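Printed here is run13.txt (compact mmCIF, N, CA, C and O atoms):
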# COMPACT_ATOMS: atom_id res chain seq x y z
N MET A 17 1.48 30.41 0.97
CA MET A 17 0.56 29.70 0.10
C MET A 17 -0.89 30.02 0.47
O MET A 17 -1.76 29.94 -0.36
N SER A 18 -1.15 30.35 1.71
CA SER A 18 -2.53 30.59 2.11
C SER A 18 -2.90 32.07 2.15
O SER A 18 -4.02 32.40 2.47
N GLU A 19 -1.97 32.94 1.81
CA GLU A 19 -2.27 34.36 1.80
C GLU A 19 -3.27 34.66 0.69
O GLU A 19 -3.27 34.03 -0.36
N ALA A 20 -4.11 35.65 0.88
CA ALA A 20 -5.22 35.95 -0.03
C ALA A 20 -4.78 36.14 -1.48
O ALA A 20 -5.48 35.74 -2.39
N GLY A 21 -3.63 36.74 -1.72
CA GLY A 21 -3.20 37.02 -3.08
C GLY A 21 -2.47 35.88 -3.77
O GLY A 21 -2.05 36.02 -4.91
N THR A 22 -2.32 34.74 -3.12
CA THR A 22 -1.58 33.64 -3.71
C THR A 22 -2.50 32.69 -4.48
O THR A 22 -3.72 32.79 -4.40
N LYS A 23 -1.87 31.77 -5.17
CA LYS A 23 -2.59 30.84 -6.05
C LYS A 23 -3.72 30.09 -5.35
O LYS A 23 -4.81 29.96 -5.88
N TYR A 24 -3.47 29.57 -4.16
CA TYR A 24 -4.47 28.77 -3.45
C TYR A 24 -5.01 29.47 -2.20
O TYR A 24 -5.69 28.86 -1.39
N GLY A 25 -4.72 30.74 -2.06
CA GLY A 25 -5.07 31.46 -0.84
C GLY A 25 -6.52 31.36 -0.44
O GLY A 25 -6.84 31.05 0.70
N GLN A 26 -7.43 31.64 -1.34
CA GLN A 26 -8.85 31.59 -1.01
C GLN A 26 -9.29 30.19 -0.62
O GLN A 26 -10.04 30.00 0.32
N LEU A 27 -8.79 29.20 -1.35
CA LEU A 27 -9.18 27.82 -1.09
C LEU A 27 -8.69 27.32 0.26
O LEU A 27 -9.40 26.63 0.98
N LEU A 28 -7.47 27.69 0.65
CA LEU A 28 -6.88 27.16 1.87
C LEU A 28 -7.05 28.05 3.09
O LEU A 28 -6.79 27.62 4.20
N SER A 29 -7.52 29.27 2.91
CA SER A 29 -7.57 30.20 4.04
C SER A 29 -8.44 29.70 5.18
O SER A 29 -8.15 29.97 6.34
N GLU A 30 -9.47 28.95 4.90
CA GLU A 30 -10.36 28.47 5.96
C GLU A 30 -9.76 27.33 6.75
O GLU A 30 -10.23 27.00 7.84
N THR A 31 -8.73 26.65 6.23
CA THR A 31 -8.16 25.51 6.93
C THR A 31 -6.82 25.81 7.56
O THR A 31 -6.21 24.95 8.17
N LYS A 32 -6.33 27.04 7.43
CA LYS A 32 -5.02 27.39 7.97
C LYS A 32 -5.10 27.65 9.46
O LYS A 32 -6.01 28.28 9.95
N GLU A 33 -4.12 27.14 10.18
CA GLU A 33 -3.99 27.36 11.61
C GLU A 33 -2.55 27.76 11.88
O GLU A 33 -1.65 26.95 11.76
N ASN A 34 -2.30 29.02 12.17
CA ASN A 34 -0.94 29.44 12.49
C ASN A 34 -0.56 28.94 13.87
O ASN A 34 -1.34 29.08 14.80
N PHE A 35 0.61 28.38 14.00
CA PHE A 35 1.05 27.94 15.32
C PHE A 35 2.21 28.77 15.85
O PHE A 35 2.55 28.67 17.00
N ASP A 36 2.85 29.56 15.02
CA ASP A 36 3.93 30.43 15.47
C ASP A 36 3.94 31.66 14.57
O ASP A 36 4.33 31.58 13.42
N PRO A 37 3.52 32.81 15.09
CA PRO A 37 3.44 34.01 14.24
C PRO A 37 4.78 34.45 13.67
O PRO A 37 4.84 35.14 12.67
N ASN A 38 5.90 34.05 14.29
CA ASN A 38 7.22 34.42 13.80
C ASN A 38 7.80 33.40 12.82
O ASN A 38 8.85 33.62 12.24
N SER A 39 7.14 32.29 12.65
CA SER A 39 7.62 31.23 11.77
C SER A 39 7.16 31.47 10.35
O SER A 39 6.10 32.05 10.11
N LYS A 40 7.94 31.01 9.40
CA LYS A 40 7.56 31.12 7.99
C LYS A 40 6.80 29.88 7.54
O LYS A 40 6.52 29.71 6.37
N THR A 41 6.53 28.99 8.47
CA THR A 41 5.79 27.78 8.15
C THR A 41 4.38 27.90 8.71
O THR A 41 4.09 28.77 9.52
N CYS A 42 3.51 27.03 8.29
CA CYS A 42 2.16 27.03 8.83
C CYS A 42 1.67 25.60 8.94
O CYS A 42 2.23 24.69 8.37
N LYS A 43 0.63 25.43 9.68
CA LYS A 43 0.06 24.11 9.92
C LYS A 43 -1.35 24.10 9.33
O LYS A 43 -2.12 25.04 9.53
N TYR A 44 -1.67 23.06 8.61
CA TYR A 44 -3.01 22.94 8.04
C TYR A 44 -3.75 21.82 8.72
O TYR A 44 -3.21 20.74 8.92
N THR A 45 -4.97 22.09 9.09
CA THR A 45 -5.82 21.03 9.59
C THR A 45 -6.86 20.75 8.51
O THR A 45 -7.27 21.66 7.78
N PHE A 46 -7.24 19.52 8.41
CA PHE A 46 -8.23 19.17 7.39
C PHE A 46 -9.62 19.34 7.96
O PHE A 46 -9.97 18.75 8.96
N THR A 47 -10.40 20.18 7.32
CA THR A 47 -11.75 20.43 7.77
C THR A 47 -12.76 19.70 6.89
O THR A 47 -13.95 19.84 7.09
N TYR A 48 -12.27 18.95 5.93
CA TYR A 48 -13.11 18.19 5.01
C TYR A 48 -14.02 19.07 4.19
O TYR A 48 -15.06 18.66 3.73
N ARG A 49 -13.62 20.32 3.98
CA ARG A 49 -14.39 21.20 3.12
C ARG A 49 -13.99 21.03 1.66
O ARG A 49 -14.70 21.46 0.77
N LEU A 50 -12.84 20.43 1.44
CA LEU A 50 -12.39 20.18 0.07
C LEU A 50 -12.92 18.83 -0.38
O LEU A 50 -12.92 17.87 0.39
N ALA A 51 -13.36 18.73 -1.60
CA ALA A 51 -13.83 17.46 -2.13
C ALA A 51 -12.67 16.48 -2.16
O ALA A 51 -11.50 16.87 -2.28
N SER A 52 -12.97 15.21 -2.03
CA SER A 52 -11.95 14.18 -2.06
C SER A 52 -11.09 14.31 -3.31
O SER A 52 -11.60 14.47 -4.41
N GLY A 53 -9.79 14.27 -3.12
CA GLY A 53 -8.86 14.34 -4.24
C GLY A 53 -8.35 15.73 -4.55
O GLY A 53 -7.34 15.88 -5.24
N ILE A 54 -9.02 16.77 -4.07
CA ILE A 54 -8.61 18.14 -4.39
C ILE A 54 -7.26 18.47 -3.77
O ILE A 54 -6.38 19.01 -4.43
N PHE A 55 -7.06 18.14 -2.49
CA PHE A 55 -5.79 18.44 -1.86
C PHE A 55 -4.66 17.66 -2.52
O PHE A 55 -3.57 18.18 -2.75
N THR A 56 -4.93 16.42 -2.90
CA THR A 56 -3.94 15.61 -3.61
C THR A 56 -3.59 16.26 -4.94
O THR A 56 -2.42 16.30 -5.34
N LYS A 57 -4.56 16.80 -5.63
CA LYS A 57 -4.32 17.49 -6.90
C LYS A 57 -3.47 18.74 -6.68
O LYS A 57 -2.55 19.02 -7.46
N LEU A 58 -3.75 19.49 -5.61
CA LEU A 58 -2.94 20.66 -5.30
C LEU A 58 -1.49 20.26 -5.03
O LEU A 58 -0.56 20.91 -5.51
N ILE A 59 -1.29 19.19 -4.29
CA ILE A 59 0.07 18.69 -4.02
C ILE A 59 0.74 18.31 -5.33
O ILE A 59 1.89 18.65 -5.58
N SER A 60 0.02 17.60 -6.17
CA SER A 60 0.57 17.19 -7.46
C SER A 60 1.02 18.39 -8.29
O SER A 60 2.13 18.40 -8.83
N ASP A 61 0.18 19.39 -8.38
CA ASP A 61 0.51 20.59 -9.16
C ASP A 61 1.74 21.30 -8.60
O ASP A 61 2.62 21.73 -9.35
N GLU A 62 1.81 21.42 -7.27
CA GLU A 62 2.94 22.10 -6.65
C GLU A 62 4.24 21.30 -6.84
O GLU A 62 5.30 21.88 -7.07
N LEU A 63 4.15 19.98 -6.73
CA LEU A 63 5.36 19.16 -6.93
C LEU A 63 5.85 19.24 -8.37
O LEU A 63 7.06 19.31 -8.62
N LYS A 64 4.94 19.23 -9.32
CA LYS A 64 5.34 19.37 -10.73
C LYS A 64 6.02 20.71 -10.97
O LYS A 64 7.03 20.78 -11.66
N ALA A 65 5.47 21.76 -10.37
CA ALA A 65 6.08 23.09 -10.53
C ALA A 65 7.47 23.12 -9.88
O ALA A 65 8.42 23.65 -10.46
N ALA A 66 7.60 22.53 -8.70
CA ALA A 66 8.89 22.51 -8.01
C ALA A 66 9.92 21.70 -8.80
O ALA A 66 11.07 22.11 -8.93
N ARG A 67 9.48 20.58 -9.36
CA ARG A 67 10.40 19.75 -10.14
C ARG A 67 10.80 20.43 -11.45
O ARG A 67 11.91 20.24 -11.93
N SER A 68 9.91 21.21 -12.04
CA SER A 68 10.27 21.90 -13.28
C SER A 68 11.30 22.99 -12.99
O SER A 68 12.17 23.26 -13.82
N GLU A 69 11.24 23.59 -11.81
CA GLU A 69 12.22 24.60 -11.42
C GLU A 69 13.53 23.97 -10.96
O GLU A 69 14.60 24.52 -11.19
N SER A 70 13.43 22.82 -10.30
CA SER A 70 14.61 22.13 -9.76
C SER A 70 14.51 20.65 -10.09
O SER A 70 14.03 19.85 -9.27
N PRO A 71 14.97 20.24 -11.27
CA PRO A 71 14.85 18.84 -11.68
C PRO A 71 15.56 17.84 -10.77
O PRO A 71 15.29 16.65 -10.83
N ASP A 72 16.44 18.32 -9.91
CA ASP A 72 17.16 17.43 -9.00
C ASP A 72 16.30 16.93 -7.85
O ASP A 72 16.72 16.04 -7.11
N ILE A 73 15.11 17.49 -7.67
CA ILE A 73 14.24 17.04 -6.59
C ILE A 73 13.79 15.61 -6.89
O ILE A 73 13.12 15.35 -7.88
N LYS A 74 14.19 14.71 -6.02
CA LYS A 74 13.85 13.29 -6.19
C LYS A 74 12.96 12.78 -5.06
O LYS A 74 12.22 11.82 -5.23
N GLN A 75 13.06 13.40 -3.88
CA GLN A 75 12.29 12.96 -2.73
C GLN A 75 11.70 14.18 -2.04
O GLN A 75 12.22 15.28 -2.14
N PHE A 76 10.62 13.95 -1.32
CA PHE A 76 9.97 15.02 -0.57
C PHE A 76 9.21 14.40 0.59
O PHE A 76 8.95 13.20 0.61
N VAL A 77 8.89 15.24 1.55
CA VAL A 77 8.16 14.81 2.74
C VAL A 77 6.89 15.63 2.85
O VAL A 77 6.92 16.85 2.72
N LEU A 78 5.79 14.95 3.09
CA LEU A 78 4.52 15.63 3.35
C LEU A 78 4.16 15.37 4.80
O LEU A 78 4.16 14.22 5.24
N LEU A 79 3.84 16.42 5.52
CA LEU A 79 3.49 16.27 6.93
C LEU A 79 1.98 16.22 7.09
O LEU A 79 1.24 16.93 6.42
N ASN A 80 1.55 15.37 8.01
CA ASN A 80 0.12 15.24 8.35
C ASN A 80 -0.74 14.90 7.14
O ASN A 80 -1.84 15.44 6.97
N TYR A 81 -0.25 14.04 6.33
CA TYR A 81 -0.95 13.66 5.10
C TYR A 81 -0.66 12.19 4.84
O TYR A 81 0.45 11.75 5.07
N PRO A 82 -1.60 11.42 4.38
CA PRO A 82 -2.97 11.72 3.97
C PRO A 82 -3.92 11.73 5.16
O PRO A 82 -3.61 11.19 6.21
N ASN A 83 -5.08 12.31 4.93
CA ASN A 83 -6.09 12.35 5.99
C ASN A 83 -7.17 11.29 5.80
O ASN A 83 -8.06 11.17 6.61
N SER A 84 -7.08 10.54 4.72
CA SER A 84 -8.05 9.45 4.48
C SER A 84 -7.41 8.41 3.57
O SER A 84 -6.44 8.69 2.86
N ILE A 85 -7.99 7.24 3.55
CA ILE A 85 -7.49 6.19 2.66
C ILE A 85 -7.71 6.59 1.21
O ILE A 85 -6.86 6.34 0.35
N LYS A 86 -8.83 7.25 0.91
CA LYS A 86 -9.07 7.71 -0.47
C LYS A 86 -7.96 8.63 -0.94
O LYS A 86 -7.50 8.54 -2.08
N GLU A 87 -7.51 9.55 -0.07
CA GLU A 87 -6.42 10.46 -0.44
C GLU A 87 -5.12 9.69 -0.61
O GLU A 87 -4.33 9.99 -1.50
N ALA A 88 -4.87 8.70 0.23
CA ALA A 88 -3.66 7.89 0.12
C ALA A 88 -3.62 7.16 -1.22
O ALA A 88 -2.60 7.14 -1.90
N VAL A 89 -4.74 6.57 -1.60
CA VAL A 89 -4.83 5.85 -2.87
C VAL A 89 -4.66 6.82 -4.04
O VAL A 89 -3.93 6.54 -5.00
N ALA A 90 -5.33 7.97 -3.97
CA ALA A 90 -5.22 8.96 -5.04
C ALA A 90 -3.79 9.46 -5.18
O ALA A 90 -3.29 9.64 -6.29
N PHE A 91 -3.10 9.66 -4.06
CA PHE A 91 -1.71 10.13 -4.10
C PHE A 91 -0.83 9.08 -4.79
O PHE A 91 -0.07 9.41 -5.69
N ASP A 92 -0.94 7.82 -4.37
CA ASP A 92 -0.13 6.76 -5.00
C ASP A 92 -0.45 6.60 -6.48
O ASP A 92 0.43 6.33 -7.29
N ARG A 93 -1.68 6.78 -6.84
CA ARG A 93 -2.09 6.61 -8.23
C ARG A 93 -1.70 7.80 -9.10
O ARG A 93 -1.22 7.62 -10.22
N ASP A 94 -1.89 9.02 -8.59
CA ASP A 94 -1.77 10.20 -9.43
C ASP A 94 -0.51 11.04 -9.24
O ASP A 94 -0.16 11.83 -10.11
N VAL A 95 0.16 10.89 -8.11
CA VAL A 95 1.29 11.78 -7.81
C VAL A 95 2.61 11.02 -7.76
O VAL A 95 3.49 11.25 -8.56
N ALA A 96 2.76 10.14 -6.80
CA ALA A 96 4.02 9.42 -6.62
C ALA A 96 3.77 8.20 -5.76
O ALA A 96 2.79 8.14 -5.01
N ASN A 97 4.66 7.25 -5.85
CA ASN A 97 4.56 6.05 -5.04
C ASN A 97 5.05 6.38 -3.63
O ASN A 97 6.17 6.83 -3.44
N THR A 98 4.20 6.16 -2.64
CA THR A 98 4.56 6.42 -1.26
C THR A 98 5.61 5.42 -0.81
O THR A 98 5.43 4.22 -0.96
N THR A 99 6.71 5.94 -0.27
CA THR A 99 7.77 5.07 0.23
C THR A 99 7.46 4.62 1.64
O THR A 99 7.52 3.44 1.95
N ASN A 100 7.14 5.58 2.52
CA ASN A 100 6.87 5.26 3.91
C ASN A 100 5.85 6.21 4.51
O ASN A 100 5.80 7.39 4.15
N LEU A 101 5.08 5.68 5.44
CA LEU A 101 4.27 6.50 6.34
C LEU A 101 5.05 6.51 7.64
O LEU A 101 5.28 5.47 8.25
N VAL A 102 5.53 7.68 8.04
CA VAL A 102 6.37 7.80 9.23
C VAL A 102 5.50 8.19 10.41
O VAL A 102 4.78 9.18 10.37
N LEU A 103 5.60 7.40 11.47
CA LEU A 103 4.81 7.64 12.68
C LEU A 103 5.68 8.23 13.77
O LEU A 103 6.85 7.86 13.91
N THR A 104 5.09 9.13 14.55
CA THR A 104 5.82 9.75 15.65
C THR A 104 5.57 9.05 16.98
O THR A 104 6.29 9.27 17.93
N GLY A 105 4.55 8.23 17.03
CA GLY A 105 4.20 7.55 18.27
C GLY A 105 2.98 8.14 18.93
O GLY A 105 2.47 7.61 19.91
N ASP A 106 2.48 9.25 18.40
CA ASP A 106 1.31 9.91 18.97
C ASP A 106 0.01 9.51 18.28
O ASP A 106 -1.04 10.08 18.56
N GLU A 107 0.05 8.54 17.41
CA GLU A 107 -1.12 8.17 16.62
C GLU A 107 -2.12 7.40 17.46
O GLU A 107 -1.77 6.74 18.43
N LYS A 108 -3.38 7.49 17.04
CA LYS A 108 -4.43 6.71 17.68
C LYS A 108 -4.17 5.22 17.43
O LYS A 108 -3.63 4.84 16.40
N LYS A 109 -4.57 4.40 18.36
CA LYS A 109 -4.39 2.95 18.19
C LYS A 109 -5.26 2.41 17.06
O LYS A 109 -4.88 1.51 16.36
N ASP A 110 -6.45 2.97 16.91
CA ASP A 110 -7.37 2.52 15.86
C ASP A 110 -7.34 3.55 14.74
O ASP A 110 -8.14 4.47 14.70
N ASP A 111 -6.40 3.40 13.83
CA ASP A 111 -6.22 4.37 12.75
C ASP A 111 -6.23 3.62 11.42
O ASP A 111 -5.30 2.89 11.11
N SER A 112 -7.28 3.81 10.65
CA SER A 112 -7.43 3.07 9.40
C SER A 112 -6.34 3.41 8.38
O SER A 112 -5.96 2.57 7.58
N ILE A 113 -5.81 4.63 8.42
CA ILE A 113 -4.74 4.99 7.48
C ILE A 113 -3.47 4.22 7.82
O ILE A 113 -2.80 3.68 6.93
N VAL A 114 -3.14 4.13 9.11
CA VAL A 114 -1.97 3.36 9.52
C VAL A 114 -2.18 1.89 9.15
O VAL A 114 -1.27 1.23 8.63
N ASP A 115 -3.37 1.37 9.39
CA ASP A 115 -3.68 -0.01 9.03
C ASP A 115 -3.50 -0.24 7.53
O ASP A 115 -2.94 -1.26 7.11
N TYR A 116 -3.95 0.70 6.72
CA TYR A 116 -3.81 0.60 5.27
C TYR A 116 -2.33 0.50 4.87
O TYR A 116 -1.94 -0.38 4.11
N PHE A 117 -1.50 1.39 5.40
CA PHE A 117 -0.08 1.36 5.05
C PHE A 117 0.64 0.15 5.65
O PHE A 117 1.62 -0.33 5.10
N ASN A 118 0.14 -0.36 6.78
CA ASN A 118 0.71 -1.58 7.35
C ASN A 118 0.51 -2.77 6.42
O ASN A 118 1.38 -3.64 6.34
N THR A 119 -0.60 -2.81 5.71
CA THR A 119 -0.87 -3.95 4.82
C THR A 119 0.12 -4.02 3.67
O THR A 119 0.31 -5.09 3.09
N VAL A 120 0.76 -2.91 3.35
CA VAL A 120 1.75 -2.91 2.26
C VAL A 120 3.17 -2.66 2.80
O VAL A 120 4.07 -2.28 2.06
N ASN A 121 3.34 -2.89 4.11
CA ASN A 121 4.66 -2.79 4.76
C ASN A 121 5.36 -1.45 4.52
O ASN A 121 6.55 -1.41 4.21
N LYS A 122 4.62 -0.35 4.67
CA LYS A 122 5.20 0.97 4.46
C LYS A 122 5.17 1.85 5.70
O LYS A 122 5.31 3.05 5.61
N VAL A 123 4.99 1.26 6.88
CA VAL A 123 4.94 2.03 8.10
C VAL A 123 6.28 1.92 8.83
O VAL A 123 6.80 0.83 9.02
N VAL A 124 6.84 3.08 9.17
CA VAL A 124 8.06 3.13 9.99
C VAL A 124 7.85 4.18 11.07
O VAL A 124 6.99 5.05 10.96
N THR A 125 8.63 4.07 12.12
CA THR A 125 8.57 5.09 13.18
C THR A 125 9.74 6.04 13.00
O THR A 125 10.73 5.71 12.33
N VAL A 126 9.64 7.19 13.61
CA VAL A 126 10.73 8.18 13.53
C VAL A 126 12.03 7.56 14.02
O VAL A 126 13.10 7.80 13.46
N ASN A 127 11.94 6.72 15.04
CA ASN A 127 13.15 6.09 15.59
C ASN A 127 13.81 5.13 14.62
O ASN A 127 14.99 4.83 14.74
N ASP A 128 13.04 4.63 13.62
CA ASP A 128 13.60 3.71 12.62
C ASP A 128 14.40 4.43 11.54
O ASP A 128 15.12 3.79 10.79
N LEU A 129 14.25 5.74 11.45
CA LEU A 129 14.92 6.47 10.38
C LEU A 129 16.35 6.79 10.68
O LEU A 129 16.83 6.91 11.70

Would it be possible to restate this file's structure as structure tokens?
Amino acid sequence: MSEAGTKYGQLLSETKENFDPNSKTCKYTFTYRLASGIFTKLISDELKAARSESPDIKQFVLLNYPNSIKEAVAFDRDVANTTNLVLTGDEKKDDSIVDYFNTVNKVVTVNDL
């Protein structure tokens, strides 16, 4: 997705961080270079495309997302209703995103799954 010739390559190339050169996956860090809501829009577009190809897709997992409360609200409003924010235990104690999801009882730990 981040390769130069792909749909979002130019947009995402500055935020890509490879963690395993032999892996077909990649890790994205948020550098806040994208305007609020843009990444959520990209996710929305990709999910719509995936669902049009495979209508059986009912659930999905996003890793390391959202990066702000604004993105969380935009995702719930524009893309899909968030079922859970899954925590690994490595989160900061003072995390406004975790606090936000706690207010609506949507926080679970990996051990709860």

Please indicate the distance in Å from atom O of Ser60 in chain A to atom O of Asp94 in chain A, rounded to one decimal place.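 Between these atoms lies a distance of 7.1 Å.
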
Would you work out the distance separating CA of Ile73 in chain A from CA of Asn127 in chain A, expressed in Å to one decimal? 24.8 Å

Phe55 in chain A surroundings by all atoms listed in the file, 8 Å radius, close-in-sequence under 6 positions cut, as a list in words: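 Answer for this query is Asp61, Glu62 and Glu87 of chain A.
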
Go ahead and compute the interatomic distance for CA of Ala90 in chain A and CA of Ala65 in chain A, in Å to one decimal.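 These two atoms are separated by 18.9 Å.
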
For Gly53 in chain A, which residue among A:Arg93, A:Lys86, A:Lys122, A:Lys74 is the nearest when counting all atoms listed in the file?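 Distance minimum relative to Gly53 in chain A lands on A:Lys86.
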
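For the residues A:Leu78, A:Lys108, A:Thr99, A:Thr56, ranking by smallest atom-to-atom distance to Val123 in chain A using only C-alpha atoms places A:Thr99 first.
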
Residues near Tyr81 in chain A, cut-off 8 Å, only N, CA, C and O atoms, skip fewer than 6 positions along chain, as a compact mmCIF listing (two decimals) with N, CA, C and O atoms, in the coordinates of the input:
# COMPACT_ATOMS: atom_id res chain seq x y z
N TYR A 44 -1.67 23.06 8.61
CA TYR A 44 -3.01 22.94 8.04
C TYR A 44 -3.75 21.82 8.72
O TYR A 44 -3.21 20.74 8.92
N GLU A 87 -7.51 9.55 -0.07
CA GLU A 87 -6.42 10.46 -0.44
C GLU A 87 -5.12 9.69 -0.61
O GLU A 87 -4.33 9.99 -1.50
N ALA A 88 -4.87 8.70 0.23
CA ALA A 88 -3.66 7.89 0.12
C ALA A 88 -3.62 7.16 -1.22
O ALA A 88 -2.60 7.14 -1.90
N ASN A 100 7.14 5.58 2.52
CA ASN A 100 6.87 5.26 3.91
C ASN A 100 5.85 6.21 4.51
O ASN A 100 5.80 7.39 4.15
N LEU A 101 5.08 5.68 5.44
CA LEU A 101 4.27 6.50 6.34
C LEU A 101 5.05 6.51 7.64
O LEU A 101 5.28 5.47 8.25
N VAL A 102 5.53 7.68 8.04
CA VAL A 102 6.37 7.80 9.23
C VAL A 102 5.50 8.19 10.41
O VAL A 102 4.78 9.18 10.37

Of the candidates A:Glu107, A:Glu69, A:Thr98, A:Val77, which one gets nearest to Asn121 in chain A if we count all atoms listed in the file?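 Under the stated criterion, the closest residue is A:Thr98.
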
When distances are computed from all atoms listed in the file, which of A:Gly105, A:Asp110, A:Tyr116, A:Pro71 shows the smallest separation from Ile85 in chain A?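 Smallest distance to Ile85 in chain A is found for A:Tyr116.
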
Could you find all residues in range 47-86 of chain A that DSSP calls helix (DSSP H, G or I) from the backbone, and write them as a PyMOL selection string? chain A and resi 54-69+85-86
